[in-house]
Amino acid sequence: MRWEDLPEQQCSMARTSVVLGDRWTLVILSDVFLGVRRFDDFQKRLGISRTTLANRLKLLEEHGVLTQRQYQDKPPRSEYRLTEKGVGLYPAIIALLDWGDEHYSDAAGPPILRRHKTCGHDFHGVMHCSECGEAVEPRDVEARKRAPDERFPEVKRGPFTHAS
């Protein structure tokens with residue numbers, strides 16, 4: 001499979017990787033969730049080239065993850081805000097942060113703690129079943145292809161089954 005073929009795949013992960021699969025994009029999104037909004041602030045915090053940053057922000061805008069809002073008229077200045085689609089990435093970002101905290105923190109522990117404002121406790125993400133509320137671990141999940149539908153292409157990259 002070629003990179004340019006990913007948007008056409010009947011695979012949500014392939015399509016998602018077109019938007020999020022760059023080494024800078026998740027770091028930029030993490031900063032957005034930490035409250036960074038302005039181009040110069042991203043650039044200073046990340047040390048990323050202005051061209052690379054502009055390209056990644058443009059891609060996130062094109063895919064409806066971020067939107068620009070003008071905060072100053074003279075000279076015109078904008079900031080980047082999460083759209084509803086962008087806010088929907090929060091569980092994925094938290095899951096990746098938790099994974100990084102577990103496997104790549106130093107002896108001092110996670111570098112950034114997240115506190116739930118309502119109860120005042122630091123937390124980590126937990127995946128729950130949307131139907132019964134029970135916590136879900138990878139071994140608790142069985143994947144299957146959707147039902148065939150002649151209006152849409154066949155799903156080719158479904159669950160892997162071992163040959164007998």
# chains A, B, ... in the order shown; residues from 1 in each chain; ligands from 1
>>> select_by_dssp(residues="stretch 15-146 of chain A", states="strand (DSSP E)", output="PDB file with N, CA and C atoms, in the first residue's frame")
ATOM      1  N   LEU A  66      -8.958  21.832  13.358  1.00  0.00           N
ATOM      2  CA  LEU A  66      -8.724  23.166  13.908  1.00  0.00           C
ATOM      3  C   LEU A  66      -9.405  24.198  13.026  1.00  0.00           C
ATOM      4  N   THR A  67      -9.698  25.328  13.611  1.00  0.00           N
ATOM      5  CA  THR A  67     -10.195  26.473  12.856  1.00  0.00           C
ATOM      6  C   THR A  67      -9.454  27.707  13.347  1.00  0.00           C
ATOM      7  N   GLN A  68      -9.311  28.677  12.485  1.00  0.00           N
ATOM      8  CA  GLN A  68      -8.668  29.930  12.883  1.00  0.00           C
ATOM      9  C   GLN A  68      -9.729  30.942  13.286  1.00  0.00           C
ATOM     10  N   ARG A  69      -9.442  31.680  14.356  1.00  0.00           N
ATOM     11  CA  ARG A  69     -10.302  32.787  14.785  1.00  0.00           C
ATOM     12  C   ARG A  69      -9.432  34.023  14.930  1.00  0.00           C
ATOM     13  N   GLN A  70      -9.891  35.101  14.344  1.00  0.00           N
ATOM     14  CA  GLN A  70      -9.145  36.347  14.439  1.00  0.00           C
ATOM     15  C   GLN A  70      -9.328  36.927  15.836  1.00  0.00           C
ATOM     16  N   TYR A  71      -8.220  37.319  16.459  1.00  0.00           N
ATOM     17  CA  TYR A  71      -8.284  37.927  17.787  1.00  0.00           C
ATOM     18  C   TYR A  71      -7.789  39.374  17.782  1.00  0.00           C
ATOM     19  N   GLN A  72      -7.289  39.842  16.614  1.00  0.00           N
ATOM     20  CA  GLN A  72      -6.775  41.207  16.514  1.00  0.00           C
ATOM     21  C   GLN A  72      -6.982  41.682  15.083  1.00  0.00           C
ATOM     22  N   ARG A  77      -4.488  39.222  13.223  1.00  0.00           N
ATOM     23  CA  ARG A  77      -3.852  38.078  13.888  1.00  0.00           C
ATOM     24  C   ARG A  77      -4.932  37.056  14.228  1.00  0.00           C
ATOM     25  N   SER A  78      -4.572  35.787  14.028  1.00  0.00           N
ATOM     26  CA  SER A  78      -5.526  34.707  14.312  1.00  0.00           C
ATOM     27  C   SER A  78      -4.921  33.724  15.289  1.00  0.00           C
ATOM     28  N   GLU A  79      -5.800  32.964  15.895  1.00  0.00           N
ATOM     29  CA  GLU A  79      -5.376  31.873  16.755  1.00  0.00           C
ATOM     30  C   GLU A  79      -6.102  30.606  16.310  1.00  0.00           C
ATOM     31  N   TYR A  80      -5.570  29.475  16.711  1.00  0.00           N
ATOM     32  CA  TYR A  80      -6.124  28.189  16.314  1.00  0.00           C
ATOM     33  C   TYR A  80      -6.950  27.621  17.449  1.00  0.00           C
ATOM     34  N   ARG A  81      -8.148  27.158  17.111  1.00  0.00           N
ATOM     35  CA  ARG A  81      -9.060  26.572  18.087  1.00  0.00           C
ATOM     36  C   ARG A  81      -9.510  25.210  17.609  1.00  0.00           C
ATOM     37  N   LEU A  82      -9.732  24.321  18.546  1.00  0.00           N
ATOM     38  CA  LEU A  82     -10.263  23.003  18.220  1.00  0.00           C
ATOM     39  C   LEU A  82     -11.713  23.127  17.765  1.00  0.00           C
TER      40      LEU A  82
END
>>> closest_residue(among="A:Phe33, A:Leu89, A:Arg157, A:Arg38", to="A:Arg114", atoms="only C-alpha atoms")
A:Phe33
>>> atom_distance(atom1="atom CA of A:Glu154", atom2="atom CA of A:Val65")
27.5 Å
>>> residues_around(residues="A:Cys129", least_positions_apart="5", cutoff="12 Å", atoms="only C-alpha atoms", output="list in words")
Glu134, Ala135, Val136, Glu137, Pro138, Asp140 and Val141 of chain A
>>> write_last_selection(atoms="all heavy atoms", output="compact mmCIF listing (two decimals), in the first residue's frame")
# COMPACT_ATOMS: atom_id res chain seq x y z
N GLU A 134 -18.63 -1.25 31.42
CA GLU A 134 -17.51 -2.02 31.95
C GLU A 134 -16.20 -1.56 31.31
O GLU A 134 -16.17 -1.19 30.12
CB GLU A 134 -17.75 -3.50 31.64
CG GLU A 134 -16.88 -4.45 32.42
CD GLU A 134 -17.29 -5.90 32.17
OE1 GLU A 134 -18.44 -6.26 32.49
OE2 GLU A 134 -16.44 -6.65 31.66
N ALA A 135 -15.10 -1.59 32.07
CA ALA A 135 -13.79 -1.26 31.51
C ALA A 135 -13.45 -2.27 30.42
O ALA A 135 -13.78 -3.45 30.53
CB ALA A 135 -12.73 -1.28 32.60
N VAL A 136 -12.81 -1.79 29.35
CA VAL A 136 -12.46 -2.65 28.21
C VAL A 136 -10.95 -2.69 28.05
O VAL A 136 -10.30 -1.66 27.95
CB VAL A 136 -13.11 -2.12 26.90
CG1 VAL A 136 -12.70 -2.96 25.72
CG2 VAL A 136 -14.62 -2.06 27.04
N GLU A 137 -10.41 -3.88 28.02
CA GLU A 137 -8.99 -4.12 27.74
C GLU A 137 -8.89 -4.77 26.36
O GLU A 137 -9.86 -5.34 25.87
CB GLU A 137 -8.40 -5.06 28.81
CG GLU A 137 -8.40 -4.48 30.21
CD GLU A 137 -7.46 -3.30 30.37
OE1 GLU A 137 -6.42 -3.26 29.66
OE2 GLU A 137 -7.76 -2.41 31.18
N PRO A 138 -7.71 -4.71 25.73
CA PRO A 138 -7.58 -5.27 24.38
C PRO A 138 -8.06 -6.71 24.24
O PRO A 138 -8.68 -7.07 23.24
CB PRO A 138 -6.08 -5.15 24.08
CG PRO A 138 -5.63 -4.01 24.91
CD PRO A 138 -6.47 -4.07 26.16
N ASP A 140 -10.41 -8.10 25.66
CA ASP A 140 -11.87 -8.17 25.81
C ASP A 140 -12.60 -7.83 24.51
O ASP A 140 -13.83 -7.79 24.50
CB ASP A 140 -12.34 -7.16 26.87
CG ASP A 140 -11.73 -7.41 28.24
OD1 ASP A 140 -11.41 -8.56 28.56
OD2 ASP A 140 -11.56 -6.42 28.99
N VAL A 141 -11.86 -7.54 23.44
CA VAL A 141 -12.46 -7.04 22.21
C VAL A 141 -12.35 -8.06 21.08
O VAL A 141 -11.32 -8.70 20.91
CB VAL A 141 -11.78 -5.73 21.77
CG1 VAL A 141 -12.34 -5.22 20.46
CG2 VAL A 141 -11.95 -4.67 22.86
>>> atom_distance(atom1="atom CA of A:Thr25", atom2="atom CA of A:Arg56")
6.3 Å
>>> closest_residue(among="A:Ile28, A:Phe152, A:Arg37, A:Arg115", to="A:Asn55", atoms="only C-alpha atoms")
A:Ile28
>>> decode(residues="stretch 49-63 of chain A", atoms="all heavy atoms", output="tab-separated table (two decimals), in the first residue's frame")
chain	number	residue	atom	x	y	z
A	49	SER	N	10.22	24.24	12.45
A	49	SER	CA	10.37	25.28	11.43
A	49	SER	C	9.00	25.91	11.15
A	49	SER	O	7.97	25.25	11.24
A	49	SER	CB	10.97	24.71	10.15
A	49	SER	OG	9.99	24.05	9.38
A	50	ARG	N	9.01	27.16	10.79
A	50	ARG	CA	7.76	27.88	10.51
A	50	ARG	C	7.02	27.23	9.35
A	50	ARG	O	5.80	27.13	9.37
A	50	ARG	CB	8.05	29.36	10.25
A	50	ARG	CG	8.63	30.06	11.49
A	50	ARG	CD	8.89	31.52	11.26
A	50	ARG	NE	7.69	32.32	11.24
A	50	ARG	CZ	6.99	32.71	12.30
A	50	ARG	NH1	7.38	32.34	13.51
A	50	ARG	NH2	5.91	33.46	12.18
A	51	THR	N	7.74	26.77	8.34
A	51	THR	CA	7.10	26.15	7.18
A	51	THR	C	6.43	24.84	7.58
A	51	THR	O	5.27	24.59	7.21
A	51	THR	CB	8.15	25.89	6.07
A	51	THR	OG1	8.74	27.13	5.71
A	51	THR	CG2	7.51	25.25	4.86
A	52	THR	N	7.13	23.99	8.32
A	52	THR	CA	6.55	22.72	8.76
A	52	THR	C	5.33	22.97	9.63
A	52	THR	O	4.29	22.33	9.45
A	52	THR	CB	7.60	21.89	9.52
A	52	THR	OG1	8.70	21.63	8.65
A	52	THR	CG2	7.02	20.58	10.01
A	53	LEU	N	5.44	23.91	10.56
A	53	LEU	CA	4.31	24.22	11.44
A	53	LEU	C	3.12	24.72	10.63
A	53	LEU	O	1.99	24.26	10.82
A	53	LEU	CB	4.72	25.27	12.48
A	53	LEU	CG	3.62	25.73	13.43
A	53	LEU	CD1	3.02	24.58	14.20
A	53	LEU	CD2	4.18	26.80	14.37
A	54	ALA	N	3.37	25.63	9.71
A	54	ALA	CA	2.28	26.17	8.88
A	54	ALA	C	1.62	25.05	8.08
A	54	ALA	O	0.38	25.01	7.99
A	54	ALA	CB	2.82	27.24	7.93
A	55	ASN	N	2.41	24.14	7.54
A	55	ASN	CA	1.84	23.02	6.77
A	55	ASN	C	0.99	22.10	7.64
A	55	ASN	O	-0.08	21.66	7.23
A	55	ASN	CB	2.94	22.22	6.08
A	55	ASN	CG	3.59	22.98	4.95
A	55	ASN	OD1	3.02	23.92	4.40
A	55	ASN	ND2	4.81	22.58	4.60
A	56	ARG	N	1.44	21.81	8.85
A	56	ARG	CA	0.69	20.91	9.74
A	56	ARG	C	-0.61	21.59	10.20
A	56	ARG	O	-1.66	20.96	10.25
A	56	ARG	CB	1.52	20.49	10.95
A	56	ARG	CG	2.76	19.68	10.66
A	56	ARG	CD	2.52	18.59	9.62
A	56	ARG	NE	3.73	17.89	9.28
A	56	ARG	CZ	4.58	18.24	8.30
A	56	ARG	NH1	4.36	19.33	7.58
A	56	ARG	NH2	5.63	17.53	8.04
A	57	LEU	N	-0.54	22.85	10.55
A	57	LEU	CA	-1.74	23.57	10.97
A	57	LEU	C	-2.74	23.67	9.81
A	57	LEU	O	-3.95	23.50	10.01
A	57	LEU	CB	-1.39	24.96	11.49
A	57	LEU	CG	-0.62	24.98	12.82
A	57	LEU	CD1	-0.09	26.38	13.10
A	57	LEU	CD2	-1.48	24.48	13.97
A	58	LYS	N	-2.24	23.90	8.61
A	58	LYS	CA	-3.11	23.97	7.43
A	58	LYS	C	-3.81	22.63	7.21
A	58	LYS	O	-5.01	22.58	6.92
A	58	LYS	CB	-2.29	24.37	6.20
A	58	LYS	CG	-3.11	24.48	4.94
A	58	LYS	CD	-2.24	24.87	3.75
A	58	LYS	CE	-3.10	24.92	2.49
A	58	LYS	NZ	-2.27	25.08	1.30
A	59	LEU	N	-3.08	21.53	7.33
A	59	LEU	CA	-3.66	20.20	7.16
A	59	LEU	C	-4.77	19.97	8.20
A	59	LEU	O	-5.85	19.47	7.87
A	59	LEU	CB	-2.59	19.12	7.28
A	59	LEU	CG	-3.07	17.68	7.15
A	59	LEU	CD1	-3.50	17.39	5.72
A	59	LEU	CD2	-1.99	16.72	7.60
A	60	LEU	N	-4.50	20.34	9.45
A	60	LEU	CA	-5.51	20.17	10.51
A	60	LEU	C	-6.74	21.04	10.24
A	60	LEU	O	-7.86	20.63	10.55
A	60	LEU	CB	-4.89	20.46	11.87
A	60	LEU	CG	-3.87	19.42	12.34
A	60	LEU	CD1	-3.10	19.92	13.55
A	60	LEU	CD2	-4.55	18.09	12.63
A	61	GLU	N	-6.53	22.21	9.67
A	61	GLU	CA	-7.66	23.06	9.27
A	61	GLU	C	-8.43	22.43	8.12
A	61	GLU	O	-9.67	22.39	8.14
A	61	GLU	CB	-7.17	24.43	8.84
A	61	GLU	CG	-6.94	25.40	9.95
A	61	GLU	CD	-6.69	26.78	9.39
A	61	GLU	OE1	-5.54	27.07	9.00
A	61	GLU	OE2	-7.67	27.57	9.35
A	62	GLU	N	-7.72	21.96	7.11
A	62	GLU	CA	-8.37	21.37	5.94
A	62	GLU	C	-9.24	20.17	6.32
A	62	GLU	O	-10.25	19.90	5.68
A	62	GLU	CB	-7.33	20.93	4.91
A	62	GLU	CG	-6.67	22.08	4.18
A	62	GLU	CD	-5.49	21.66	3.33
A	62	GLU	OE1	-5.08	20.47	3.37
A	62	GLU	OE2	-4.97	22.53	2.60
A	63	HIS	N	-8.83	19.45	7.35
A	63	HIS	CA	-9.58	18.28	7.79
A	63	HIS	C	-10.57	18.60	8.90
A	63	HIS	O	-11.17	17.69	9.49
A	63	HIS	CB	-8.61	17.17	8.21
A	63	HIS	CG	-8.00	16.49	7.02
A	63	HIS	ND1	-8.60	15.44	6.37
A	63	HIS	CD2	-6.86	16.76	6.33
A	63	HIS	CE1	-7.85	15.07	5.35
A	63	HIS	NE2	-6.79	15.85	5.31
